[in-house]
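Okay, work-v8.txt is below, compact mmCIF, C-alpha atoms and all ligand atoms:
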# COMPACT_ATOMS: atom_id res chain seq x y z
CA MET A 1 -7.10 10.94 -9.65
CA GLU A 2 -6.99 13.98 -7.32
CA ASN A 3 -3.94 16.22 -7.46
CA TYR A 4 -1.30 15.85 -4.78
CA CYS A 5 0.85 18.65 -3.45
CA LYS A 6 3.12 18.52 -0.45
CA GLU A 7 5.84 20.73 0.95
CA PHE A 8 8.76 19.44 2.98
CA LYS A 9 11.43 21.18 5.06
CA ILE A 10 14.96 19.90 4.78
CA GLN A 11 17.55 20.62 7.45
CA LYS A 12 21.24 21.08 6.87
CA ASN A 13 23.36 18.02 7.72
CA ASP A 14 20.31 16.07 8.89
CA ILE A 15 21.60 12.88 7.35
CA GLY A 16 19.44 10.65 9.56
CA ASN A 17 16.24 12.02 7.99
CA ALA A 18 17.59 12.33 4.47
CA GLY A 19 15.40 10.29 2.16
CA THR A 20 12.11 11.26 3.81
CA VAL A 21 10.85 13.20 0.79
CA ALA A 22 11.84 10.33 -1.51
CA SER A 23 10.20 7.70 0.62
CA LEU A 24 6.90 9.57 1.18
CA THR A 25 6.68 10.43 -2.51
CA LYS A 26 7.40 6.82 -3.40
CA ARG A 27 4.48 5.76 -1.22
CA GLU A 28 2.13 8.25 -2.91
CA LEU A 29 3.22 7.19 -6.42
CA LYS A 30 2.62 3.54 -5.58
CA ARG A 31 -0.79 4.41 -4.16
CA ARG A 32 -1.64 6.03 -7.50
CA GLY A 33 -0.89 2.78 -9.30
CA LEU A 34 2.25 3.89 -11.10
CA THR A 35 4.68 1.17 -12.24
CA LYS A 36 7.72 0.09 -10.24
CA ASP A 37 10.00 1.48 -12.94
CA PHE A 38 8.30 4.84 -12.94
CA VAL A 39 8.34 5.02 -9.16
CA LYS A 40 12.02 4.10 -9.08
CA THR A 41 12.92 6.77 -11.60
CA VAL A 42 11.25 9.51 -9.60
CA THR A 43 12.61 8.16 -6.32
CA ILE A 44 16.20 8.26 -7.58
CA GLY A 45 15.84 11.85 -8.73
CA ILE A 46 14.28 13.05 -5.50
CA TYR A 47 16.71 11.16 -3.28
CA GLU A 48 19.78 12.65 -4.97
CA ALA A 49 18.39 16.17 -4.84
CA GLU A 50 17.32 15.75 -1.24
CA ILE A 51 20.79 14.56 -0.23
CA ASN A 52 22.34 17.52 -2.02
CA VAL A 53 20.30 19.97 0.02
CA VAL A 54 21.26 18.12 3.20
CA ILE A 55 25.00 17.86 2.54
CA HIS A 56 25.77 20.91 0.38
CA SER A 57 23.35 23.63 1.48
CA TYR A 58 22.19 25.57 4.52
CA GLY A 59 18.83 23.79 4.31
CA GLY A 60 15.69 24.45 2.32
CA THR A 61 12.36 23.17 1.13
CA CYS A 62 10.95 20.79 -1.41
CA VAL A 63 7.56 20.89 -3.10
CA VAL A 64 6.23 17.77 -4.79
CA SER A 65 3.14 18.00 -6.93
CA ILE A 66 1.52 15.19 -8.85
CA ASP A 67 -1.36 15.33 -11.30
CA ASP A 68 -2.44 13.03 -14.11
CA GLU A 69 0.23 14.30 -16.49
CA PHE A 70 3.32 15.18 -14.48
CA VAL A 71 5.30 14.79 -11.33
CA ASN A 72 6.87 18.17 -10.61
CA VAL A 73 9.49 18.49 -7.92
CA THR A 74 11.20 21.70 -6.85
CA PHE A 75 14.00 21.94 -4.32
CA LYS A 76 14.95 25.40 -3.07
CA ASP A 77 17.70 26.03 -0.58
CA ASN A 78 19.19 28.99 1.26
CA GLY A 79 22.68 28.94 -0.19
CA PRO A 80 25.66 28.97 -0.46
CA GLY A 81 24.94 28.20 -4.12
CA ILE A 82 26.84 26.34 -6.80
CA GLU A 83 29.92 28.15 -8.09
CA CYS A 84 29.97 26.60 -11.54
CA ILE A 85 26.92 24.73 -12.75
CA ASP A 86 28.75 23.12 -15.69
CA SER A 87 31.32 21.53 -13.37
CA ALA A 88 28.60 20.48 -10.94
CA LEU A 89 26.85 18.59 -13.73
CA THR A 90 30.02 16.74 -14.72
CA PRO A 91 29.96 13.08 -13.60
CA GLY A 92 32.42 12.57 -10.76
CA PHE A 93 32.69 16.25 -9.80
CA SER A 94 32.15 16.70 -6.09
CA THR A 95 33.00 19.15 -3.32
CA ALA A 96 31.47 16.88 -0.66
CA SER A 97 32.82 17.25 2.86
CA HIS A 98 34.61 14.52 4.74
CA TYR A 99 31.43 14.07 6.79
CA ALA A 100 29.34 13.47 3.67
CA ILE A 101 31.87 11.07 2.18
CA GLU A 102 32.02 9.05 5.40
CA ASN A 103 28.29 8.63 5.08
CA GLY A 104 28.54 7.18 1.58
CA PHE A 105 27.77 10.34 -0.36
CA GLY A 106 29.95 12.46 -2.59
CA ALA A 107 30.42 10.23 -5.62
CA GLY A 108 29.66 13.21 -7.82
CA MET A 109 26.90 11.27 -9.55
CA GLY A 110 23.86 12.99 -8.04
CA LEU A 111 23.20 15.73 -10.58
CA PRO A 112 24.12 13.51 -13.56
CA ASN A 113 21.73 10.84 -12.21
CA ILE A 114 18.97 13.43 -11.80
CA LYS A 115 19.51 14.62 -15.34
CA SER A 116 19.30 11.13 -16.76
CA VAL A 117 16.19 10.01 -14.85
CA SER A 118 14.10 13.16 -15.28
CA ASP A 119 12.28 14.31 -18.41
CA GLU A 120 13.22 17.91 -17.70
CA MET A 121 15.68 19.41 -15.28
CA GLU A 122 16.36 23.05 -14.51
CA LEU A 123 19.12 24.16 -12.19
CA THR A 124 19.71 27.76 -11.21
CA SER A 125 21.98 29.01 -8.49
CA SER A 126 23.36 32.11 -6.81
CA LYS A 127 24.98 32.78 -3.43
CA GLU A 128 21.46 33.20 -2.01
CA GLY A 129 20.48 29.69 -2.95
CA THR A 130 20.00 26.93 -5.47
CA THR A 131 16.77 25.93 -7.16
CA LEU A 132 16.44 22.57 -8.80
CA HIS A 133 13.33 21.71 -10.69
CA MET A 134 12.66 18.31 -12.17
CA LYS A 135 9.74 17.07 -14.14
CA PHE A 136 8.62 13.53 -14.92
CA ASN A 137 6.03 12.86 -17.61
CA ILE A 138 3.23 10.46 -16.75
CA SER A 139 1.79 8.50 -19.66
CA GLY A 140 -0.57 5.55 -19.99
CA ASP A 141 2.45 3.25 -19.82
CA SER A 142 3.43 4.68 -16.46
CA TYR A 143 0.50 2.91 -14.81
CA GLU A 144 0.46 -0.70 -13.65
CA SER A 145 -1.79 -2.63 -16.01
CA MET B 1 17.69 -18.05 -3.35
CA ARG B 2 16.20 -16.61 -0.17
CA VAL B 3 17.92 -14.73 2.64
CA ASN B 4 17.46 -17.85 4.78
CA ASN B 5 19.65 -19.86 2.41
CA ILE B 6 22.54 -17.44 2.88
CA LEU B 7 22.35 -17.95 6.63
CA THR B 8 22.95 -21.69 6.26
CA ASN B 9 26.57 -20.79 5.50
CA ILE B 10 28.67 -20.33 8.65
CA ASN B 11 30.34 -17.17 7.32
CA PHE B 12 27.18 -15.13 7.78
CA GLU B 13 25.58 -13.93 11.00
CA LEU B 14 22.14 -12.38 11.32
CA LEU B 15 22.15 -8.99 13.06
CA SER B 16 18.49 -8.08 12.71
CA ASN B 17 15.43 -10.00 13.85
CA GLU B 18 13.72 -12.69 11.84
CA SER B 19 11.56 -10.46 9.65
CA GLY B 20 12.26 -10.57 5.94
CA LEU B 21 14.29 -13.78 6.03
CA ASN B 22 12.02 -15.26 3.38
CA HIS B 23 12.74 -12.40 0.96
CA GLU B 24 13.79 -13.66 -2.43
CA VAL B 25 17.31 -12.57 -3.34
CA LYS B 26 16.85 -11.67 -6.99
CA SER B 27 20.42 -10.52 -7.61
CA PHE B 28 23.47 -9.07 -5.86
CA PHE B 29 24.93 -5.60 -5.94
CA ALA B 30 28.19 -4.51 -4.31
CA SER B 31 29.16 -0.88 -3.78
CA ASP B 32 30.23 1.53 -1.08
CA LEU B 33 28.87 4.62 -2.78
CA LEU B 34 25.21 5.36 -2.24
CA SER B 35 24.73 7.17 -5.55
CA HIS B 36 25.96 4.11 -7.37
CA VAL B 37 23.61 1.89 -5.41
CA MET B 38 20.72 4.31 -5.94
CA GLY B 39 21.32 4.64 -9.65
CA ASN B 40 22.12 1.02 -10.50
CA ALA B 41 20.89 -1.57 -8.02
CA ALA B 42 17.82 -3.57 -8.99
CA GLU B 43 14.67 -4.17 -7.00
CA GLY B 44 14.95 -7.33 -4.89
CA SER B 45 18.73 -7.32 -5.00
CA THR B 46 20.92 -7.86 -1.96
CA LEU B 47 23.53 -5.22 -1.23
CA ILE B 48 27.06 -6.10 -0.13
CA THR B 49 28.83 -3.12 1.40
CA VAL B 50 31.21 -1.89 4.08
CA LEU B 51 29.25 1.32 4.38
CA ASN B 52 27.89 1.08 7.91
CA ASN B 53 25.51 3.99 8.29
CA ILE B 54 21.78 4.49 8.50
CA ASN B 55 21.43 5.78 4.93
CA VAL B 56 22.29 2.36 3.56
CA LEU B 57 18.98 1.15 4.98
CA GLY B 58 17.21 4.20 3.59
CA VAL B 59 18.47 3.44 0.10
CA ALA B 60 17.76 -0.29 0.50
CA SER B 61 14.19 0.54 1.43
CA LEU B 62 13.70 3.03 -1.42
CA LEU B 63 14.85 0.37 -3.88
CA ASP B 64 12.91 -2.49 -2.23
CA MET B 65 16.11 -4.47 -1.77
CA SER B 66 15.89 -7.93 -0.22
CA CYS B 67 18.79 -7.79 2.26
CA VAL B 68 21.96 -5.92 3.21
CA ILE B 69 25.20 -7.79 3.91
CA PHE B 70 27.99 -5.97 5.69
CA SER B 71 31.36 -7.35 4.67
CA HIS B 72 34.84 -7.04 6.25
CA GLY B 73 33.22 -7.51 9.68
CA VAL B 74 32.44 -3.79 9.96
CA LYS B 75 30.85 -2.44 13.13
CA VAL B 76 27.08 -2.12 12.89
CA ASN B 77 25.46 0.09 15.50
CA ASP B 78 22.09 -0.34 17.21
CA GLU B 79 20.48 2.47 15.25
CA ILE B 80 21.11 0.57 12.03
CA ILE B 81 19.81 -2.68 13.50
CA SER B 82 16.60 -1.13 14.78
CA LYS B 83 16.06 0.62 11.43
CA SER B 84 16.46 -2.73 9.72
CA ASN B 85 13.90 -4.32 12.04
CA GLU B 86 11.51 -1.43 11.49
CA LEU B 87 11.78 -1.74 7.70
CA GLY B 88 11.81 -5.53 7.63
CA ILE B 89 14.99 -5.57 5.56
CA PRO B 90 17.29 -8.13 7.18
CA ILE B 91 20.96 -7.33 7.75
CA LEU B 92 23.71 -9.92 7.82
CA ARG B 93 27.39 -9.58 8.53
CA THR B 94 30.44 -11.50 7.45
CA LYS B 95 34.13 -11.24 8.30
CA LEU B 96 34.95 -11.99 4.66
CA ASN B 97 35.97 -9.20 2.32
CA THR B 98 33.57 -8.16 -0.41
CA VAL B 99 35.10 -10.29 -3.17
CA SER B 100 35.20 -13.46 -1.04
CA THR B 101 31.64 -12.76 0.05
CA ILE B 102 30.45 -12.64 -3.54
CA LEU B 103 32.33 -15.83 -4.44
CA ILE B 104 30.70 -17.69 -1.55
CA LEU B 105 27.25 -16.29 -2.32
CA ASP B 106 27.64 -17.51 -5.87
CA LYS B 107 28.34 -21.04 -4.55
CA ILE B 108 25.36 -20.93 -2.19
CA GLY B 109 23.14 -19.88 -5.06
CA SER B 110 24.13 -22.64 -7.44
N1 LIG A 201 22.00 22.30 -3.33
C1 LIG A 201 23.31 22.51 -3.55
N2 LIG A 201 23.94 23.57 -2.97
C2 LIG A 201 25.24 23.81 -3.20
N3 LIG A 201 26.04 23.04 -3.97
C3 LIG A 201 25.47 21.97 -4.58
C4 LIG A 201 24.09 21.64 -4.39
N4 LIG A 201 23.83 20.54 -5.13
C5 LIG A 201 24.98 20.20 -5.73
N5 LIG A 201 25.98 21.06 -5.40
C6 LIG A 201 27.38 21.04 -5.92
O1 LIG A 201 27.43 20.22 -7.07
C7 LIG A 201 28.37 19.15 -6.86
C8 LIG A 201 27.91 17.92 -7.59
O2 LIG A 201 26.70 17.40 -7.04
P1 LIG A 201 26.36 15.87 -7.22
O3 LIG A 201 26.45 15.54 -8.67
O4 LIG A 201 25.07 15.59 -6.55
O5 LIG A 201 27.55 15.13 -6.48
P2 LIG A 201 27.85 14.95 -4.92
O6 LIG A 201 26.63 15.36 -4.16
O7 LIG A 201 28.16 13.51 -4.79
O8 LIG A 201 29.02 15.84 -4.60
C9 LIG A 201 28.46 19.01 -5.36
O9 LIG A 201 29.64 18.40 -4.93
C10 LIG A 201 28.36 20.47 -4.92
O10 LIG A 201 29.60 21.13 -5.10
MG MG A 202 24.79 14.66 -4.65
Show this structure as structure tokens.
Ligand SMILES: Nc1ncnc2c1ncn2[C@@H]1O[C@H](COP(=O)(O)OP(=O)(O)O)[C@@H](O)[C@H]1O
Ligand SMILES: [Mg+2]
Amino acid sequence: MENYCKEFKIQKNDIGNAGTVASLTKRELKRRGLTKDFVKTVTIGIYEAEINVVIHSYGGTCVVSIDDEFVNVTFKDNGPGIECIDSALTPGFSTASHYAIENGFGAGMGLPNIKSVSDEMELTSSKEGTTLHMKFNISGDSYES
Amino acid sequence: MRVNNILTNINFELLSNESGLNHEVKSFFASDLLSHVMGNAAEGSTLITVLNNINVLGVASLLDMSCVIFSHGVKVNDEIISKSNELGIPILRTKLNTVSTILILDKIGS
């Protein structure tokens, strides 16, 4: 199938539109005939990362590319960065604002969830911004029979 | 069980329009934290929550959930209702707390 590549802009605190990247990617994965389980796995990863950019960063972008072998997703934001990556990856750790918590976020399970659903995850961060890359392997079993 | 069956019990009111009332309720999931819902709820499940914001519908749609039930009689604004109509995921409300809601749903299902 033809390769897919799409870039999205994500605005700070735009909670109403959070989930757009996840839902459009979900649609594309379904269109490609991938299984419900595979689609769900990718959707969970993207949703959590998307929410993080919305609630923790100054805004950024996301690039989703899909070929026959992989789904690659990269989120890049404009800061303020993650102070300690090890703590951020600890289940339950959260610095979410009151606003985010009121909206049902801030359980501190986002990054741990991303790590467990993805086949590869790479997180780098400085004051200038955070980059999160996740990769999902597509195999024969990933397609609806 | 279908969403329709839940509505036969007087404790539940329908807030959205009629679309999706024939959805099969494959299981139930209760949580007020979206990451827990996102990471654990199954496709076709019905969510019971007090979390009354638009993202609940976003998550329900991403997971292909069958219905959302707001417990504790929480306020549900028009934005949420129109989102539910747009997505075809029905929303119900009950004055019962979450535990009582689940106990009653279990009775309706059996
Ligand atoms: N894009 C980001 N920019 C800045 N900080 C982030 C970002 N993503 C995650 N973090 C930090 O990592 C913590 C843990 O993230 P996560 O596991 O998703 O939990 P939660 O979002 O519920 O707080 C956040 O509370 C925040 O401090
Ligand atoms: Mg998060």
Exercise. Just how far from CA of Val73 (chain A) is CA of Ile54 (chain B), in Å to one decimal?
Worked result: 24.8 Å
For this session: May I ask which of the residues B:Lys75, B:Arg2, B:His23, B:Lys83 is the closest one to chain A, counting all atoms listed in the file?
Result: B:Lys83
For this session: Residues within 8 Å of ligand MG 202 (chain A) should be enumerated using only C-alpha atoms and all ligand atoms and returned as a VMD selection string.
Result: (chain A and resid 48 to 49 51 to 52 55 94 105 to 111) or (chain B and resid 35)
For this session: Pull out every residue of chain A that has at least one atom within 9 Å of chain B, counting only C-alpha atoms, and report them as a ChimeraX atom specification.
Result: /A:15-20,22-23,26,36,40-41,43-44,47-48,101-110,113
Exercise. Hey, which of A:Asn13, A:Pro112, A:Val53, A:Leu34 ends up closest to Glu144 (chain A)? Count only C-alpha atoms.
Worked result: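 The answer is A:Leu34, which sits nearest to Glu144 (chain A).
Taking atom P1 of ligand LIG 201 (chain A) and CA of Glu69 (chain A) as the two end points, the separation is 27.8 Å.
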Around all listed atoms of ligand LIG 201 (chain A), padded 6 Å per side, what centre and edge lengths does the axis-aligned box have in Å to one decimal, as JSON?
{"center_x": 25.8, "center_y": 18.7, "center_z": -5.8, "size_x": 19.6, "size_y": 22.3, "size_z": 17.7}
Could you list, as a CSV table (one decimal) with C-alpha atoms, in the coordinates of the input, every residue within 12 Å of Ile81 (chain B), counting all atoms listed in the file and ignoring same-chain residues fewer than 6 positions away?
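Full text of around_4.csv as output:
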chain,number,residue,atom,x,y,z
B,14,LEU,CA,22.1,-12.4,11.3
B,15,LEU,CA,22.2,-9.0,13.1
B,16,SER,CA,18.5,-8.1,12.7
B,17,ASN,CA,15.4,-10.0,13.8
B,18,GLU,CA,13.7,-12.7,11.8
B,19,SER,CA,11.6,-10.5,9.6
B,52,ASN,CA,27.9,1.1,7.9
B,53,ASN,CA,25.5,4.0,8.3
B,54,ILE,CA,21.8,4.5,8.5
B,56,VAL,CA,22.3,2.4,3.6
B,57,LEU,CA,19.0,1.2,5.0
B,68,VAL,CA,22.0,-5.9,3.2
B,70,PHE,CA,28.0,-6.0,5.7
B,75,LYS,CA,30.8,-2.4,13.1
B,87,LEU,CA,11.8,-1.7,7.7
B,88,GLY,CA,11.8,-5.5,7.6
B,89,ILE,CA,15.0,-5.6,5.6
B,90,PRO,CA,17.3,-8.1,7.2
B,91,ILE,CA,21.0,-7.3,7.8
B,92,LEU,CA,23.7,-9.9,7.8
B,93,ARG,CA,27.4,-9.6,8.5
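The two atoms in question, CA of Leu29 (chain A) and CA of Val117 (chain A), are spaced 15.7 Å apart.
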List as a PDB file with C-alpha atoms, in the frame of the given file the protein and nucleic acid residues near Phe12 (chain B), meaning an atom at most 9 Å away when all atoms listed in the file are counted, but skip any in the same chain fewer than 2 places from it.
ATOM      1  CA  ILE B   6      22.540 -17.440   2.880  1.00  0.00           C
ATOM      2  CA  LEU B   7      22.350 -17.950   6.630  1.00  0.00           C
ATOM      3  CA  THR B   8      22.950 -21.690   6.260  1.00  0.00           C
ATOM      4  CA  ASN B   9      26.570 -20.790   5.500  1.00  0.00           C
ATOM      5  CA  ILE B  10      28.670 -20.330   8.650  1.00  0.00           C
ATOM      6  CA  LEU B  14      22.140 -12.380  11.320  1.00  0.00           C
ATOM      7  CA  ILE B  69      25.200  -7.790   3.910  1.00  0.00           C
ATOM      8  CA  LEU B  92      23.710  -9.920   7.820  1.00  0.00           C
ATOM      9  CA  ARG B  93      27.390  -9.580   8.530  1.00  0.00           C
ATOM     10  CA  THR B  94      30.440 -11.500   7.450  1.00  0.00           C
ATOM     11  CA  LYS B  95      34.130 -11.240   8.300  1.00  0.00           C
ATOM     12  CA  LEU B  96      34.950 -11.990   4.660  1.00  0.00           C
TER      13      LEU B  96
END
Problem set entry | Neighbour list for Gly140 (chain A) as a PyMOL selection string, cut-off 12 Å, only C-alpha atoms, skip fewer than 2 positions in-chain | chain A and resi 33-35+38+68-70+137-138+142-145
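Here the question is which of A:Cys5, A:Val71, A:Leu123, A:Leu89 gets nearest to ligand LIG 201 (chain A) using all atoms listed in the file, and that residue is A:Leu89.
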For this session: With a distance cut-off of 9 Å and only C-alpha atoms, select the neighbouring residues of Thr74 (chain A), excluding the residue or stretch itself and same-chain residues fewer than 4 positions from it, and output the selection as a list in words.
Result: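 My list of contacting residues is Thr61, Cys62, Val63, Val64, Ser65, Thr131, Leu132, His133, Met134 and Lys135 of chain A.
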Problem set entry | Protein, DNA and RNA residues within 6 Å of (27.7, 31.0, -5.2), all atoms listed in the file, as a PyMOL selection string | chain A and resi 80-83+126-127
Problem set entry | Neighbour list for Ser100 (chain B) as a list in words, cut-off 12 Å, all atoms listed in the file, skip fewer than 5 positions in-chain |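 Residues meeting the cut-off are Asn11, Ala30, Ile48, Ser71, His72, Thr94, Lys95, Leu105, Asp106 and Lys107 of chain B.
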For this session: Find the residue from A:Lys115, A:Lys9, A:Arg27, A:Arg32 that sits nearest to ligand LIG 201 (chain A); use only C-alpha atoms and all ligand atoms when measuring.
Result: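 For ligand LIG 201 (chain A), the nearest of the given residues is A:Lys115.
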